[in-house]
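One structure is given below, encoded as structure tokens.
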Amino acid sequence: MALVLCDDITIAYEGQIVVRDLTFQIEQGDYLCIVGENGSGKSTLVKSLLGLKAPVKGRIELGDGLKPREIGYLPQQMDVQKDFPASVQEIVLSGRLNSRGLFPFYSAGDRKQAEAMMLLLGIQDLKKSCFRDLSGGQRQRVLLARALCATKKMLLLDEPVTGLDPIVTAEFYQLIKEVNETCRIAVVMVSHDIESALRDASHILHLQETALFYGRAEDYRKSPVGHKFLDSIGSPAKRGV
Amino acid sequence: MAETIVEMLSYPFMVRAFIVGILVSLCSALLGVSLVLKRYSMIGDGLSHVGFGALAAAAALNAAPLAVAIPVVILAAVLLLRVSASNMIKGDAAIALISTSALAVGIMVISMTTGMNTDVYNYMFGSILAMSSQDVEMSVLLSIVVLVLYVFFYHKIFAITFDETFALATGVKANLYNTLIAVLTAVTIVLGMRMMGTLLISSLIIFPSLTSMRVCRTFRSVTISSAVVSVVCFCVGIMVSYFFATPAGASVVVVNLLMLGIYTIAGALRRQSVAS
């Protein structure tokens, strides 16, 4: 069965429906991009996938051995973190907390895993550095390493490149692609950046309260919704560039 | 110097003040790191005012002060978290609302019963003489509870302080730990407020972590440094209070302020040497 199966879900905040009648699934190794305008329910959907907001209707089922607390989540950058005194190592290690249960301290295995992830993302030299001294791109790598520490199956990224410059953004996308392909980790990314989504993702979910489009990335370009959306932003991707 | 310190410690009230003070400064420094980083610094101030109201009510009822104040302040702490989490009223406004109300109620109770007297003055500004041996037992016990819980949940406290959403997503019960921190803070404040004074106890929470953050760059070093700074400042402050007959709370705060200055300069020098 699929890693995640969303079956006809409706999510509401205080009686206000934000997402309605949405059905989609994520298979092992998929790269799903969730696109849509502001206020289209993307962030709410992320909360529900993380198990922090229960749908009022329908169900979200996890399968293939994916446990609810083992989704590697990379949040939008927040202001609160900017002056936080914490070393890279401390932050990456905190991704291992979900495997700790009640036991209060990290094991040698946890430390090894954190080391491996820092090595994979090329931030092992920054291990002792303070998070607040890092550049935006380095910070996102640290948070990605933390997310990878928390999961073996699925990453959930919420607009990870907001505020990064174009070169760093391209590097970051490349990194995600590598993680997706080499580690066989499914990637679910909420994004504004439709062009990169079409280049890297295997599937697209275009959300506007409900799914305007859900399917393979190459079909999105040909679909009326995709056509219109790409046209409206003047994207070259429409022409298959 | 050694002689005067021996003399100072020959007074039982001084020994009691030292024991309670060191334990309270240790606990408040640890909790303070998390509170300051979560932008909840003023919770200490708010809770101390609630504590004042509770102590006044206890005095009017002839009840044991701590037995009344601790549950009331814990309740206020939990309430504060709930109110600010529900977005009904913003966190800082909620704290101001609760703290001024509690202060007003306390003053009403006092003026209708005993009238404004030295007790009230001591509640406000603290007194080195305030600690009874019962208080010592109580604070040793509670401080041990605070310290053990803090060490036990240290990594989880780090996780929810740094990024609450991620912590929640990976199964850390953030609400539980937020409540735990608030409750521990409430207990620490009630224990310390009669010595430090209602108006000054929140400084024990805010100063050490702010001071440490000038220089230290990891969560762990900030935590350790805060604990050390807090205890050192308390001891120096209380000696100043003893030798110059100044109020205990104010003396400790002034020492903390000096320490903040020293750390700020040290931090600036360090940054400069890294930059050059």
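Order determines the names: the first chain of the structure tokens is A, the second B, and so forth; residues in each chain are numbered 1 upward, and ligands are numbered 1 upward as they are shown.
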Worksheet item: range 109-120 of chain A: which residues within 10 Å, counting only C-alpha atoms, same-chain residues fewer than 3 positions away excluded, as an MDAnalysis selection string?
Response: chainID A and resid 88:97 99:100 105:106 123:127 141:142 144:150 175 179
Tell me the residues of chain A close to chain B, meaning within 6 Å using only C-alpha atoms, as a CSV table (one decimal) with C-alpha atoms, in the first residue's frame.
chain,number,residue,atom,x,y,z
A,50,LEU,CA,2.0,15.7,10.3
A,69,ARG,CA,5.9,10.5,14.3
A,85,PRO,CA,21.9,30.1,20.7
A,86,ALA,CA,22.3,26.5,19.5
A,87,SER,CA,25.0,24.6,17.7
A,98,ASN,CA,11.2,10.7,18.1
A,104,PRO,CA,16.0,11.1,28.2
A,130,CYS,CA,26.2,28.6,16.1
Find the spatial neighbours of Ala182 in chain B, counting only C-alpha atoms, within a cut-off of 12 Å - ignore same-chain residues fewer than 6 positions away - and output them as an mmCIF file with N, CA and C atoms, in the first residue's frame.
data_model
loop_
_atom_site.group_PDB
_atom_site.id
_atom_site.type_symbol
_atom_site.label_atom_id
_atom_site.label_comp_id
_atom_site.auth_asym_id
_atom_site.auth_seq_id
_atom_site.Cartn_x
_atom_site.Cartn_y
_atom_site.Cartn_z
ATOM 1 N N SER B 28 15.750 29.063 38.702
ATOM 2 C CA SER B 28 15.196 30.119 37.856
ATOM 3 C C SER B 28 16.093 30.363 36.649
ATOM 4 N N LEU B 31 15.259 27.509 34.075
ATOM 5 C CA LEU B 31 13.956 27.739 33.447
ATOM 6 C C LEU B 31 13.995 29.000 32.595
ATOM 7 N N GLY B 32 14.775 29.976 33.060
ATOM 8 C CA GLY B 32 14.840 31.258 32.359
ATOM 9 C C GLY B 32 15.330 31.145 30.931
ATOM 10 N N SER B 34 14.832 28.875 28.737
ATOM 11 C CA SER B 34 13.722 28.511 27.873
ATOM 12 C C SER B 34 12.688 29.638 27.781
ATOM 13 N N LEU B 35 12.379 30.241 28.915
ATOM 14 C CA LEU B 35 11.361 31.304 28.932
ATOM 15 C C LEU B 35 11.788 32.502 28.098
ATOM 16 N N LYS B 38 11.676 31.669 24.403
ATOM 17 C CA LYS B 38 10.311 31.532 23.897
ATOM 18 C C LYS B 38 9.542 32.830 24.004
ATOM 19 N N TYR B 40 8.772 34.485 26.646
ATOM 20 C CA TYR B 40 7.846 34.446 27.772
ATOM 21 C C TYR B 40 8.473 35.073 29.012
ATOM 22 N N SER B 41 9.466 35.962 28.819
ATOM 23 C CA SER B 41 10.211 36.480 29.965
ATOM 24 C C SER B 41 9.297 37.061 31.030
ATOM 25 N N MET B 42 8.253 37.726 30.594
ATOM 26 C CA MET B 42 7.457 38.469 31.565
ATOM 27 C C MET B 42 6.542 37.574 32.389
ATOM 28 N N ILE B 43 6.531 36.285 32.059
ATOM 29 C CA ILE B 43 5.689 35.376 32.828
ATOM 30 C C ILE B 43 6.112 35.394 34.303
ATOM 31 N N GLY B 44 7.419 35.525 34.532
ATOM 32 C CA GLY B 44 7.928 35.565 35.903
ATOM 33 C C GLY B 44 7.374 36.748 36.668
ATOM 34 N N GLY B 46 4.638 38.453 35.958
ATOM 35 C CA GLY B 46 3.201 38.277 36.154
ATOM 36 C C GLY B 46 2.908 37.344 37.312
ATOM 37 N N LEU B 47 3.628 36.224 37.354
ATOM 38 C CA LEU B 47 3.367 35.233 38.395
ATOM 39 C C LEU B 47 3.743 35.753 39.770
ATOM 40 N N VAL B 73 -0.514 30.197 42.400
ATOM 41 C CA VAL B 73 0.386 30.654 41.341
ATOM 42 C C VAL B 73 0.509 29.598 40.236
ATOM 43 N N ILE B 74 0.504 28.328 40.605
ATOM 44 C CA ILE B 74 0.527 27.270 39.579
ATOM 45 C C ILE B 74 -0.699 27.393 38.681
ATOM 46 N N LEU B 75 -1.846 27.602 39.319
ATOM 47 C CA LEU B 75 -3.087 27.768 38.561
ATOM 48 C C LEU B 75 -2.972 28.952 37.601
ATOM 49 N N ALA B 76 -2.420 30.055 38.107
ATOM 50 C CA ALA B 76 -2.266 31.250 37.277
ATOM 51 C C ALA B 76 -1.342 30.963 36.096
ATOM 52 N N ALA B 77 -0.282 30.189 36.348
ATOM 53 C CA ALA B 77 0.678 29.879 35.289
ATOM 54 C C ALA B 77 0.014 29.083 34.175
ATOM 55 N N VAL B 78 -0.754 28.074 34.560
ATOM 56 C CA VAL B 78 -1.432 27.238 33.571
ATOM 57 C C VAL B 78 -2.435 28.091 32.795
ATOM 58 N N LEU B 79 -3.143 28.931 33.513
ATOM 59 C CA LEU B 79 -4.131 29.819 32.893
ATOM 60 C C LEU B 79 -3.471 30.750 31.873
ATOM 61 N N LEU B 80 -2.325 31.325 32.272
ATOM 62 C CA LEU B 80 -1.607 32.232 31.376
ATOM 63 C C LEU B 80 -1.244 31.553 30.070
ATOM 64 N N LEU B 81 -0.731 30.322 30.173
ATOM 65 C CA LEU B 81 -0.356 29.587 28.964
ATOM 66 C C LEU B 81 -1.564 29.329 28.085
ATOM 67 N N ARG B 82 -2.663 28.889 28.699
ATOM 68 C CA ARG B 82 -3.873 28.587 27.942
ATOM 69 C C ARG B 82 -4.368 29.832 27.220
ATOM 70 N N VAL B 146 12.629 20.280 40.696
ATOM 71 C CA VAL B 146 12.833 21.108 39.499
ATOM 72 C C VAL B 146 14.086 20.658 38.753
ATOM 73 N N ASN B 175 2.737 20.665 24.621
ATOM 74 C CA ASN B 175 1.859 21.279 25.618
ATOM 75 C C ASN B 175 2.192 20.821 27.023
ATOM 76 N N LEU B 176 2.466 19.528 27.117
ATOM 77 C CA LEU B 176 2.811 18.969 28.419
ATOM 78 C C LEU B 176 4.063 19.643 28.982
ATOM 79 N N THR B 188 9.140 27.983 41.627
ATOM 80 C CA THR B 188 10.402 28.681 41.882
ATOM 81 C C THR B 188 10.151 30.124 42.316
ATOM 82 N N ILE B 189 9.220 30.774 41.655
ATOM 83 C CA ILE B 189 8.937 32.174 41.966
ATOM 84 C C ILE B 189 8.371 32.336 43.370
#
Worksheet item: Can you tell me, as a PyMOL selection string, what residues are no more than 12 Å from Lys42 in chain A when counting only C-alpha atoms, ignoring any on the same chain fewer than 5 positions away?
Response: chain A and resi 11+18-20+22+33-37+47-49+156-159+188-192+205-211
Practice prompt. Calculate how many Å separate CA of Leu5 in chain A from CA of Gln25 in chain A, rounding to one decimal.
Written response: 4.5 Å
Item to complete: Mind checking which residues fall within 8 Å of Val36 in chain B, counting only C-alpha atoms, ignoring those fewer than 6 positions away in the same chain, and posting them as a ChimeraX atom specification?
Response: /B:206,209-210
Item to complete: For Glu137 in chain B, list every protein, DNA or RNA residue within 12 Å, evaluated using only C-alpha atoms, and leave out those in the same chain fewer than 5 positions away; present the list as a count of residues only.
Response: 11
Discussion item. Please report the interatomic distance between CA of Leu121 in chain A and CA of Leu74 in chain A in Å with one decimal.
Written reply: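 The value is 14.4 Å.
Proximity to Leu200 in chain B was assessed for B:Ser139, B:Thr246, B:Ser48, B:Gln272 counting only C-alpha atoms; the smallest distance is recorded for B:Ser48.
Nearest residue to Thr179 in chain B, choosing from B:Ile157, B:Pro208, B:Ala227, B:Ala248 and counting only C-alpha atoms: B:Ile157.
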Worksheet item: So which residues of range 148-220 of chain B fall under alpha helix (DSSP H) by DSSP, listed as a PyMOL selection string?
Response: chain B and resi 148-152+154-162+164-169+174-196+201-215+219-220
Fill in: Long-range neighbours of Val228 in chain B as a ChimeraX atom specification, 9 Å cut-off, only C-alpha atoms, 5 positions minimum in chain
/B:26,29,208,223,233
Output file for the selection above: C-alpha atoms, as an mmCIF file, in the first residue's frame:
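Contents of the output file part_29.cif:
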data_model
loop_
_atom_site.group_PDB
_atom_site.id
_atom_site.type_symbol
_atom_site.label_atom_id
_atom_site.label_comp_id
_atom_site.auth_asym_id
_atom_site.auth_seq_id
_atom_site.Cartn_x
_atom_site.Cartn_y
_atom_site.Cartn_z
ATOM 1 C CA LEU B 26 19.784 27.759 40.068
ATOM 2 C CA ALA B 29 18.308 30.372 35.674
ATOM 3 C CA PRO B 208 21.302 35.038 33.815
ATOM 4 C CA THR B 223 22.276 26.703 30.169
ATOM 5 C CA CYS B 233 25.501 36.828 41.342
#
Worksheet entry | Residues flagged strand (DSSP E or B) by DSSP in range 5-173 of chain A, as an MDAnalysis selection string | chainID A and resid 5:13 16:26 31:35 57:62 71:74 87 130 154:158
For the residues selected in the previous step, produce a file with N, CA and C atoms as a CSV table (one decimal), in the first residue's frame.
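This is the output file part-v4.csv:
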chain,number,residue,atom,x,y,z
A,5,LEU,N,-2.1,7.7,2.4
A,5,LEU,CA,-3.3,7.7,1.6
A,5,LEU,C,-4.3,8.7,2.2
A,6,CYS,N,-4.6,9.8,1.4
A,6,CYS,CA,-5.6,10.7,1.9
A,6,CYS,C,-6.8,10.4,1.2
A,7,ASP,N,-7.9,10.0,1.9
A,7,ASP,CA,-9.1,9.5,1.3
A,7,ASP,C,-10.2,10.5,1.6
A,8,ASP,N,-10.5,11.3,0.6
A,8,ASP,CA,-11.6,12.2,0.6
A,8,ASP,C,-11.6,13.1,1.9
A,9,ILE,N,-10.5,13.8,2.2
A,9,ILE,CA,-10.5,14.5,3.4
A,9,ILE,C,-11.0,15.9,3.3
A,10,THR,N,-11.6,16.4,4.4
A,10,THR,CA,-12.0,17.8,4.5
A,10,THR,C,-11.4,18.3,5.8
A,11,ILE,N,-10.8,19.4,5.8
A,11,ILE,CA,-10.1,20.0,7.0
A,11,ILE,C,-10.7,21.4,7.2
A,12,ALA,N,-11.1,21.6,8.5
A,12,ALA,CA,-11.7,22.9,8.8
A,12,ALA,C,-11.1,23.5,10.0
A,13,TYR,N,-11.1,24.9,10.1
A,13,TYR,CA,-10.6,25.6,11.2
A,13,TYR,C,-11.8,26.3,11.8
A,16,GLN,N,-14.7,26.8,9.6
A,16,GLN,CA,-14.4,27.3,8.2
A,16,GLN,C,-13.6,26.2,7.5
A,17,ILE,N,-14.2,25.8,6.4
A,17,ILE,CA,-13.6,24.7,5.6
A,17,ILE,C,-12.4,25.3,4.8
A,18,VAL,N,-11.2,24.7,5.0
A,18,VAL,CA,-10.0,25.2,4.3
A,18,VAL,C,-9.6,24.3,3.2
A,19,VAL,N,-9.8,23.0,3.4
A,19,VAL,CA,-9.5,22.0,2.3
A,19,VAL,C,-10.7,21.1,2.3
A,20,ARG,N,-11.2,20.8,1.0
A,20,ARG,CA,-12.4,19.9,1.0
A,20,ARG,C,-12.2,18.8,0.0
A,21,ASP,N,-12.8,17.6,0.3
A,21,ASP,CA,-12.9,16.5,-0.6
A,21,ASP,C,-11.6,16.2,-1.4
A,22,LEU,N,-10.5,16.1,-0.6
A,22,LEU,CA,-9.2,15.9,-1.3
A,22,LEU,C,-8.8,14.5,-1.2
A,23,THR,N,-8.4,13.9,-2.3
A,23,THR,CA,-7.9,12.5,-2.4
A,23,THR,C,-6.6,12.5,-3.1
A,24,PHE,N,-5.6,11.9,-2.5
A,24,PHE,CA,-4.4,11.7,-3.2
A,24,PHE,C,-3.5,10.7,-2.4
A,25,GLN,N,-2.5,10.2,-3.0
A,25,GLN,CA,-1.6,9.3,-2.3
A,25,GLN,C,-0.2,9.5,-2.6
A,26,ILE,N,0.7,9.1,-1.7
A,26,ILE,CA,2.1,9.2,-1.9
A,26,ILE,C,2.7,7.8,-1.8
A,31,TYR,N,8.0,12.0,-5.5
A,31,TYR,CA,8.4,13.4,-5.2
A,31,TYR,C,7.2,14.2,-5.6
A,32,LEU,N,6.4,14.6,-4.6
A,32,LEU,CA,5.1,15.3,-4.8
A,32,LEU,C,5.3,16.8,-4.5
A,33,CYS,N,4.9,17.6,-5.4
A,33,CYS,CA,4.9,19.0,-5.1
A,33,CYS,C,3.5,19.5,-5.0
A,34,ILE,N,3.2,20.2,-3.9
A,34,ILE,CA,1.9,20.8,-3.7
A,34,ILE,C,2.0,22.3,-4.0
A,35,VAL,N,1.3,22.7,-5.1
A,35,VAL,CA,1.4,24.1,-5.5
A,35,VAL,C,0.0,24.7,-5.3
A,57,LYS,N,-13.5,15.2,8.0
A,57,LYS,CA,-14.2,14.2,7.2
A,57,LYS,C,-13.1,13.4,6.5
A,58,GLY,N,-13.3,12.2,6.2
A,58,GLY,CA,-12.3,11.4,5.5
A,58,GLY,C,-11.2,10.9,6.4
A,59,ARG,N,-10.2,10.2,5.8
A,59,ARG,CA,-9.1,9.7,6.7
A,59,ARG,C,-7.8,9.8,6.0
A,60,ILE,N,-6.7,9.9,6.8
A,60,ILE,CA,-5.4,9.9,6.3
A,60,ILE,C,-4.8,8.6,6.9
A,61,GLU,N,-4.4,7.8,5.9
A,61,GLU,CA,-3.8,6.5,6.4
A,61,GLU,C,-2.3,6.4,6.1
A,62,LEU,N,-1.6,6.0,7.0
A,62,LEU,CA,-0.1,5.8,6.7
A,62,LEU,C,0.1,4.3,6.5
A,71,ILE,N,7.8,11.3,10.2
A,71,ILE,CA,7.9,12.1,9.0
A,71,ILE,C,8.9,13.2,9.2
A,72,GLY,N,9.9,13.3,8.3
A,72,GLY,CA,10.9,14.4,8.5
A,72,GLY,C,10.4,15.7,8.0
A,73,TYR,N,10.2,16.6,9.0
A,73,TYR,CA,9.5,17.9,8.6
A,73,TYR,C,10.5,19.0,8.6
A,74,LEU,N,10.4,19.8,7.5
A,74,LEU,CA,11.3,21.0,7.5
A,74,LEU,C,10.3,22.2,7.4
A,87,SER,N,24.0,25.0,18.7
A,87,SER,CA,25.0,24.6,17.7
A,87,SER,C,24.3,23.7,16.7
A,130,CYS,N,27.5,28.1,15.5
A,130,CYS,CA,26.2,28.6,16.1
A,130,CYS,C,25.2,28.8,15.0
A,154,MET,N,10.0,9.5,4.6
A,154,MET,CA,9.3,10.6,4.0
A,154,MET,C,9.7,11.9,4.5
A,155,LEU,N,10.0,12.9,3.6
A,155,LEU,CA,10.3,14.2,4.0
A,155,LEU,C,9.1,15.1,3.7
A,156,LEU,N,8.8,16.1,4.5
A,156,LEU,CA,7.7,17.0,4.3
A,156,LEU,C,8.3,18.4,4.4
A,157,LEU,N,8.4,19.1,3.3
A,157,LEU,CA,9.1,20.4,3.2
A,157,LEU,C,8.1,21.5,3.0
A,158,ASP,N,8.0,22.5,3.8
A,158,ASP,CA,7.1,23.6,3.7
A,158,ASP,C,7.8,24.8,3.2
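Among the candidates B:Ser99, B:Asn178, B:Thr113, B:Ser127, the one nearest to His49 in chain B when counting only C-alpha atoms is B:Ser99.
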